[in-house]
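K.L.:
Have a look at the structure that comes next, please.
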Protein chains: 2
Amino acid sequence: MPPRSPLAPQRAAQLPPLAGVRLAAGACGVRYQGRSDVCLMAFAPGTAIAGVLTRSLCPSAPVQWCRRALRGGRVRAVLVNSGNANAFTGRLGEASVRRCAAAAAAALGCRREEVFLASTGVIGEPLPDERITAKLAELSAGLAEDAWAEAAAAIMTTDTFPKLATRTARIGRAEVRINGIAKGSGMIAPDMATMLAFVATDARIPAPVLRKLLREGADRSFNCTTVDGDTSTSDTLLLAATGSGPSHPRIAGAGDPQLGDFRAKLDDLLIDLACQVVRDGEGASKLITIDVTGAASDAAARRIGLAIANSPLVKTAVAGADANWGRIVMAVGKAGERAERDRLRIAIGGVPVAARGQRVPDYDERPVAAHMKGSEILLAVDVGVGKGRARVWSCDLTHGYIDINADYRS
Amino acid sequence: MPPRSPLAPQRAAQLPPLAGVRLAAGACGVRYQGRSDVCLMAFAPGTAIAGVLTRSLCPSAPVQWCRRALRGGRVRAVLVNSGNANAFTGRLGEASVRRCAAAAAAALGCRREEVFLASTGVIGEPLPDERITAKLAELSAGLAEDAWAEAAAAIMTTDTFPKLATRTARIGRAEVRINGIAKGSGMIAPDMATMLAFVATDARIPAPVLRKLLREGADRSFNCTTVDGDTSTSDTLLLAATGSGPSHPRIAGAGDPQLGDFRAKLDDLLIDLACQVVRDGEGASKLITIDVTGAASDAAARRIGLAIANSPLVKTAVAGADANWGRIVMAVGKAGERAERDRLRIAIGGVPVAARGQRVPDYDERPVAAHMKGSEILLAVDVGVGKGRARVWSCDLTHGYIDINADYRS
């Protein structure tokens with residue numbers, strides 16, 4: 001096991017109970033021995049759900065299941081296993097998914113269409129689902145409101161720390177809660193490091209509104225992060241609203257002004273979880289935050305940011321504490337979005353290093369060099385053509401990444 | 001200096017003289033000391049030219065110059081320096097380009113618009129062009145027909161071996177010649193490893209025909225290779241036709257059936273040079289050839305091939321001799337092109353490992369493991385949706401890449 005990431009938070013967030021959600025974790029021996037590898041989350045009747053799933057055209061069997069189940073907009077259970085992704089497993093995989101959903105539905109007394117599934121781990125190996133279904137009665141009996149930390153631990157694969165976050169938000173005069181857990185080490189690494197995140201709130205928010213809030217929040221958080229630019233077969237982000245918390249005014253739609261604080265806190269929590277994934281990026285020694293401004297649109301800014309964030313040359317330069325802004329120019333140029341060489345401005349750690357098509361004459365390299373030696377690197381790029389902006393997160397590319405990935409399965 | 005790539009050819013190709021082309025190399029001290037760093041190529045009057053330039057939206061000053069000069073379709077001189085890319089150098093860079101072109105035109109007695117320029121090296125540093133222009137009379141006096149090897153050496157940056165290739169082709173009953181040199185280590189690495197290639201033939205082919213031949217050839221060669229997926233500010237591929245060789249029937253257009261052999265040999269030479277660049281990829285220990293078939297179109301096949309070729313997870317798996325086909329599934333899924341999970345077939349070293357949406361049951365892992373230990377890796381992917389095909393080349397991602405790039409400028 002690689003050591004705990006040097007970028008891990010000092011201590012994990014302590015998640016309070018959230019009305020309408022109970023959790024349990026157990027050791028089913030799907031692949032790992034001597035640790036928990038399955039987590040069951042149970043939700044109060046009437047809980048609404050929204051989800052964002054991988055765009056991969058070779059999605060896993062659980063992703064295909066979730067895509068159908070999301071149409072109903074209701075959830076009673078989420079069943080997650082680590083160690084095996086149940087991806088590229090053909091009809092065997094589809095049958096596994098059906099058996100898992102049926103077993104969870106029987107254990108909780110709900111319909112199969114209200115059960116959501118996620119799997120993360122090795123691709124192409126049949127899932128030994130009987131090891132999971134055999135434990136479902138036991139898991140169901142052990143469901144508890146205070147098991148968020150256990151759930152976060154059970155879904156880890158190559159993660160070096162569990163990822164948890166909590167927020168409170170006001171809707172009207174009611175104070176509602178948002179809890180979330182995630183896993184991922186490498187934004188994506190299809191063997192053992194798919195990105196999964198499960199978020200719940202006790203607010204009462206209808207599924208269509210949840211969908212819009214989640215899609216927009218995901219675009220500003222998980223969709224703005226990268227470790228290696230590889231897209232998993234299994235990425236899954238779910239948001240459930242139990243409606244079991246303090247009563248608050250009815251939410252009319254996604255544009256309801258009463259959602260202002262909730263939306264801000266949800267975004268903040270999603271960014272928190274997404275950045276925890278980047279901080280646990282395989283081999284990461286530095287967190288890179290990239291602010292892009294002056295792009296033709298927000299979407300263009302995000303694409304430029306991700307071109308910088310995914311560039312192996314930028315990432316290795318950061319690993320080497322090298323303030324190599326020429327590589328940032330290169331990445332902006334290859335992003336395929338409008339940019340004006342003669343208006344482009346680049347700052348590192350707040351110090352302008354390039355502007356108006358050339359190096360800033362005689363800029364003081366000392367504060368820049370000192371900044372590059374730290375563990376949190378700030379790159380700012382103004383493209384000079386419009387008002388689009390985005391913030392994107394990445395990590396450096398180090399020998400650790402090669403060590404972890406060059407002979408993973410042995 | 002990193003050691004010579006283990007994938008380098010046993011010996012460099014010996015290029016014969018090519019009628020209508022003379023070359024000279026010299027040490028101008030642009031950045032490097034104690035080695036040649038400038039090359040001048042002179043062409044007979046009436047030589048036609050075509051070019052393919054970087055798609056970067058932050059191109060270097062020489063690329064912008066070439067883009068204009070290519071409209072004329074005529075070339076008398078190509079002047080190339082290594083050590084400094086003259087990229088992101090603003091008006092200073094544009095002035096440098098004008099002075100270099102004027103000096104070369106004066107030395108050779110031609111128009112400035114017939115001079116082509118290319119620079120490769122550090123981004124953002126003003127080009128000390130006076131060191132180049134001061135040597136132009138000397139270089140011009142030393143032009144010789146047999147200096148191809150010297151020219152190939154002068155344009156190297158982080159390259160560990162010079163890249164040369166030659167072919168002969170029949171047009172009618174005449175035997176014409178094609179010579180080419182290239183540099184690049186890492187398809188692209190904007191500090192010191194831009195891809196440059198200069199190809200010449202003694203055939204008489206008009207510029208519009210050359211353009212079509214070159215664009216199609218580049219799409220099957222340089223545009224099918226990757227080391228790190230980063231696009232340089234300076235990539236330049238030029239093809240000149242002197243018409244000074246043995247006389248042959250007039251070429252009517254790019255579809256002229258008399259061009260069949262020439263086109264095949266040109267493509268072959270471009271692939272040879274492109275693969276030499278990949279073999280010199282930074283840190284490369286294995287050459288990866290990826291055959292994609294069954295895609296919706298040839299373009300879709302190339303994009304799928306490049307998604308595999310650029311995946312850090314596939315590249316690290318190859319570095320570790322790990323036949324990790326799950327990562328190939330992942331890369332196909334993320335390419336964004338049509339693919340059918342249940343029809344996808346993957347073979348490694350000729351052995352089918354995955355088919356019909358799952359692992360091939362009980363395939364013999366021994367020949368696959370033995371193949372992965374070699375230095376030339378063959379991956380074949382049939383996407384199962386159409387007739388599009390492409391062949392793409394890449395190299396593995398190793399600790400050497402990190403070593404070279406993590407602290408390049410120090």
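Residue numbers start at 1 in each chain; chains themselves are named A, B, ... in the order of the structure tokens; ligands are numbered from 1 in the order shown.
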Find the residues in chain B near chain A: any atom within 6 Å counts, using only C-alpha atoms. Write them as a PyMOL selection string.
P.N.:
chain B and resi 56-58+88-90+123-124+231+233+316-317+319-320+326+330+333-334+341+357-359+399+405-407
K.L.:
Using only C-alpha atoms, which residues sit within 8 Å of Gln14 in chain B once same-chain residues fewer than 5 positions away are excluded, as a PyMOL selection string?
P.N.:
chain B and resi 149+164-166
K.L.:
Please dump the current selection as an mmCIF file, in the first residue's frame; keep N, CA and C atoms.
P.N.:
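Writing done, so here's part-v9.cif:
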data_model
loop_
_atom_site.group_PDB
_atom_site.id
_atom_site.type_symbol
_atom_site.label_atom_id
_atom_site.label_comp_id
_atom_site.auth_asym_id
_atom_site.auth_seq_id
_atom_site.Cartn_x
_atom_site.Cartn_y
_atom_site.Cartn_z
ATOM 1 N N ALA B 149 23.369 14.395 -43.064
ATOM 2 C CA ALA B 149 23.611 13.924 -41.686
ATOM 3 C C ALA B 149 23.950 15.105 -40.774
ATOM 4 N N LEU B 164 16.907 10.248 -39.869
ATOM 5 C CA LEU B 164 17.021 10.392 -41.321
ATOM 6 C C LEU B 164 16.297 9.247 -42.005
ATOM 7 N N ALA B 165 15.798 9.497 -43.224
ATOM 8 C CA ALA B 165 15.172 8.421 -44.006
ATOM 9 C C ALA B 165 15.258 8.783 -45.478
ATOM 10 N N THR B 166 15.346 7.778 -46.321
ATOM 11 C CA THR B 166 15.396 8.007 -47.766
ATOM 12 C C THR B 166 14.623 6.913 -48.486
#
K.L.:
Following superposition of chain B onto chain A on all C-alpha atoms, paired in order, what is the C-alpha RMSD to one decimal in Å?
P.N.:
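Result of the CA superposition: 0.0 Å.
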K.L.:
Identify, on the basis of only C-alpha atoms, every residue whose closest approach to Ala182 in chain B does not exceed 6 Å; exclude the query and any residue fewer than 6 positions from it along the same chain; express the result as a JSON list (two decimals) with N, CA and C atoms, in the first residue's frame.
P.N.:
[["chain", "number", "residue", "atom", "x", "y", "z"],
["B", 163, "LYS", "N", 17.65, 11.74, -36.92],
["B", 163, "LYS", "CA", 16.59, 10.99, -37.59],
["B", 163, "LYS", "C", 16.62, 11.28, -39.09],
["B", 196, "LEU", "N", 10.06, 18.73, -35.65],
["B", 196, "LEU", "CA", 10.33, 19.36, -36.94],
["B", 196, "LEU", "C", 10.69, 18.27, -37.94],
["B", 197, "ALA", "N", 10.25, 18.40, -39.18],
["B", 197, "ALA", "CA", 10.68, 17.46, -40.22],
["B", 197, "ALA", "C", 10.75, 18.19, -41.54]]
K.L.:
Could you pull out the residues in range 290-328 of chain A that DSSP calls strand (DSSP E or B) from the backbone, as a list of chain:residue names?
P.N.:
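Answer for range 290-328 of chain A restricted to strand (DSSP E or B) is A:Ile290, A:Asp291, A:Val292, A:Thr293, A:Gly294, A:Ala295.
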K.L.:
Distance CA of Ile132 in chain A-CA of Gly46 in chain A, one decimal place?
P.N.:
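The value is 25.8 Å.
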K.L.:
Rank A:Gly29, A:Pro6, A:Pro367, A:Gly349 by their smallest atom-to-atom distance to Thr289 in chain A, using only C-alpha atoms, and report the top residue only.
P.N.:
A:Gly349
K.L.:
Quick one: DSSP alpha helix (DSSP H) residues in range 13-225 of chain A, as JSON, numbers by chain?
P.N.:
{"A": [61, 62, 63, 64, 65, 66, 67, 68, 69, 90, 91, 92, 93, 94, 95, 96, 97, 98, 99, 100, 101, 102, 103, 104, 105, 106, 107, 108, 129, 130, 131, 132, 133, 136, 137, 138, 139, 140, 141, 148, 149, 150, 151, 152, 153, 154, 207, 208, 209, 210, 211, 212, 213, 214, 215, 216, 217, 218, 219, 220]}
K.L.:
Using only C-alpha atoms, please write the residues we just selected to a file, as a PDB file, in the first residue's frame.
P.N.:
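out_17.pdb written:
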ATOM      1  CA  ALA A  61     -23.065  -2.891 -15.551  1.00  0.00           C
ATOM      2  CA  PRO A  62     -23.961  -0.931 -12.371  1.00  0.00           C
ATOM      3  CA  VAL A  63     -23.726   2.359 -14.298  1.00  0.00           C
ATOM      4  CA  GLN A  64     -26.162   1.018 -16.879  1.00  0.00           C
ATOM      5  CA  TRP A  65     -28.473  -0.071 -14.049  1.00  0.00           C
ATOM      6  CA  CYS A  66     -28.303   3.376 -12.386  1.00  0.00           C
ATOM      7  CA  ARG A  67     -28.996   5.143 -15.670  1.00  0.00           C
ATOM      8  CA  ARG A  68     -32.342   3.331 -15.911  1.00  0.00           C
ATOM      9  CA  ALA A  69     -33.164   3.614 -12.206  1.00  0.00           C
ATOM     10  CA  GLY A  90     -21.006  -8.976 -20.383  1.00  0.00           C
ATOM     11  CA  ARG A  91     -24.228 -10.792 -19.503  1.00  0.00           C
ATOM     12  CA  LEU A  92     -22.650 -12.232 -16.373  1.00  0.00           C
ATOM     13  CA  GLY A  93     -22.271  -8.696 -15.092  1.00  0.00           C
ATOM     14  CA  GLU A  94     -25.841  -7.757 -15.918  1.00  0.00           C
ATOM     15  CA  ALA A  95     -27.125 -10.830 -14.093  1.00  0.00           C
ATOM     16  CA  SER A  96     -24.972  -9.931 -11.057  1.00  0.00           C
ATOM     17  CA  VAL A  97     -26.500  -6.486 -10.979  1.00  0.00           C
ATOM     18  CA  ARG A  98     -30.026  -7.867 -11.120  1.00  0.00           C
ATOM     19  CA  ARG A  99     -29.334 -10.309  -8.275  1.00  0.00           C
ATOM     20  CA  CYS A 100     -27.754  -7.598  -6.090  1.00  0.00           C
ATOM     21  CA  ALA A 101     -30.674  -5.207  -6.673  1.00  0.00           C
ATOM     22  CA  ALA A 102     -33.232  -7.940  -5.940  1.00  0.00           C
ATOM     23  CA  ALA A 103     -31.465  -8.969  -2.733  1.00  0.00           C
ATOM     24  CA  ALA A 104     -31.220  -5.390  -1.484  1.00  0.00           C
ATOM     25  CA  ALA A 105     -34.860  -4.732  -2.348  1.00  0.00           C
ATOM     26  CA  ALA A 106     -35.912  -7.874  -0.419  1.00  0.00           C
ATOM     27  CA  ALA A 107     -33.786  -6.929   2.597  1.00  0.00           C
ATOM     28  CA  LEU A 108     -35.251  -3.414   2.775  1.00  0.00           C
ATOM     29  CA  ASP A 129     -22.111 -11.293  -6.199  1.00  0.00           C
ATOM     30  CA  GLU A 130     -23.073 -14.233  -3.973  1.00  0.00           C
ATOM     31  CA  ARG A 131     -20.502 -13.008  -1.456  1.00  0.00           C
ATOM     32  CA  ILE A 132     -22.399  -9.700  -1.290  1.00  0.00           C
ATOM     33  CA  THR A 133     -25.967 -10.984  -1.341  1.00  0.00           C
ATOM     34  CA  LEU A 136     -27.288  -8.361   2.934  1.00  0.00           C
ATOM     35  CA  ALA A 137     -29.532  -9.463   5.811  1.00  0.00           C
ATOM     36  CA  GLU A 138     -26.680  -8.872   8.250  1.00  0.00           C
ATOM     37  CA  LEU A 139     -25.898  -5.457   6.737  1.00  0.00           C
ATOM     38  CA  SER A 140     -29.551  -4.511   6.783  1.00  0.00           C
ATOM     39  CA  ALA A 141     -29.869  -5.458  10.450  1.00  0.00           C
ATOM     40  CA  TRP A 148     -20.742   7.562   7.676  1.00  0.00           C
ATOM     41  CA  ALA A 149     -17.050   7.015   8.452  1.00  0.00           C
ATOM     42  CA  GLU A 150     -17.416   3.225   8.118  1.00  0.00           C
ATOM     43  CA  ALA A 151     -19.187   3.672   4.778  1.00  0.00           C
ATOM     44  CA  ALA A 152     -16.434   5.984   3.486  1.00  0.00           C
ATOM     45  CA  ALA A 153     -13.786   3.424   4.459  1.00  0.00           C
ATOM     46  CA  ALA A 154     -15.583   0.485   2.797  1.00  0.00           C
ATOM     47  CA  ALA A 207     -35.934  14.995  -8.117  1.00  0.00           C
ATOM     48  CA  PRO A 208     -36.066  17.358 -11.144  1.00  0.00           C
ATOM     49  CA  VAL A 209     -34.691  20.197  -8.989  1.00  0.00           C
ATOM     50  CA  LEU A 210     -32.048  17.911  -7.498  1.00  0.00           C
ATOM     51  CA  ARG A 211     -30.974  16.936 -11.017  1.00  0.00           C
ATOM     52  CA  LYS A 212     -30.363  20.516 -12.038  1.00  0.00           C
ATOM     53  CA  LEU A 213     -28.549  21.395  -8.809  1.00  0.00           C
ATOM     54  CA  LEU A 214     -26.348  18.307  -9.104  1.00  0.00           C
ATOM     55  CA  ARG A 215     -25.495  18.759 -12.766  1.00  0.00           C
ATOM     56  CA  GLU A 216     -24.464  22.373 -12.208  1.00  0.00           C
ATOM     57  CA  GLY A 217     -22.576  21.512  -9.031  1.00  0.00           C
ATOM     58  CA  ALA A 218     -20.756  18.626 -10.710  1.00  0.00           C
ATOM     59  CA  ASP A 219     -19.699  20.927 -13.542  1.00  0.00           C
ATOM     60  CA  ARG A 220     -18.031  23.227 -11.042  1.00  0.00           C
TER      61      ARG A 220
END
K.L.:
When you count only C-alpha atoms, which of these residues is closest to Phe43 in chain A: A:Ala85, A:Ile271, A:Val21, A:Ile178?
P.N.:
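Checking each of A:Ala85, A:Ile271, A:Val21, A:Ile178 against Phe43 in chain A, counting only C-alpha atoms, the winner is A:Val21.
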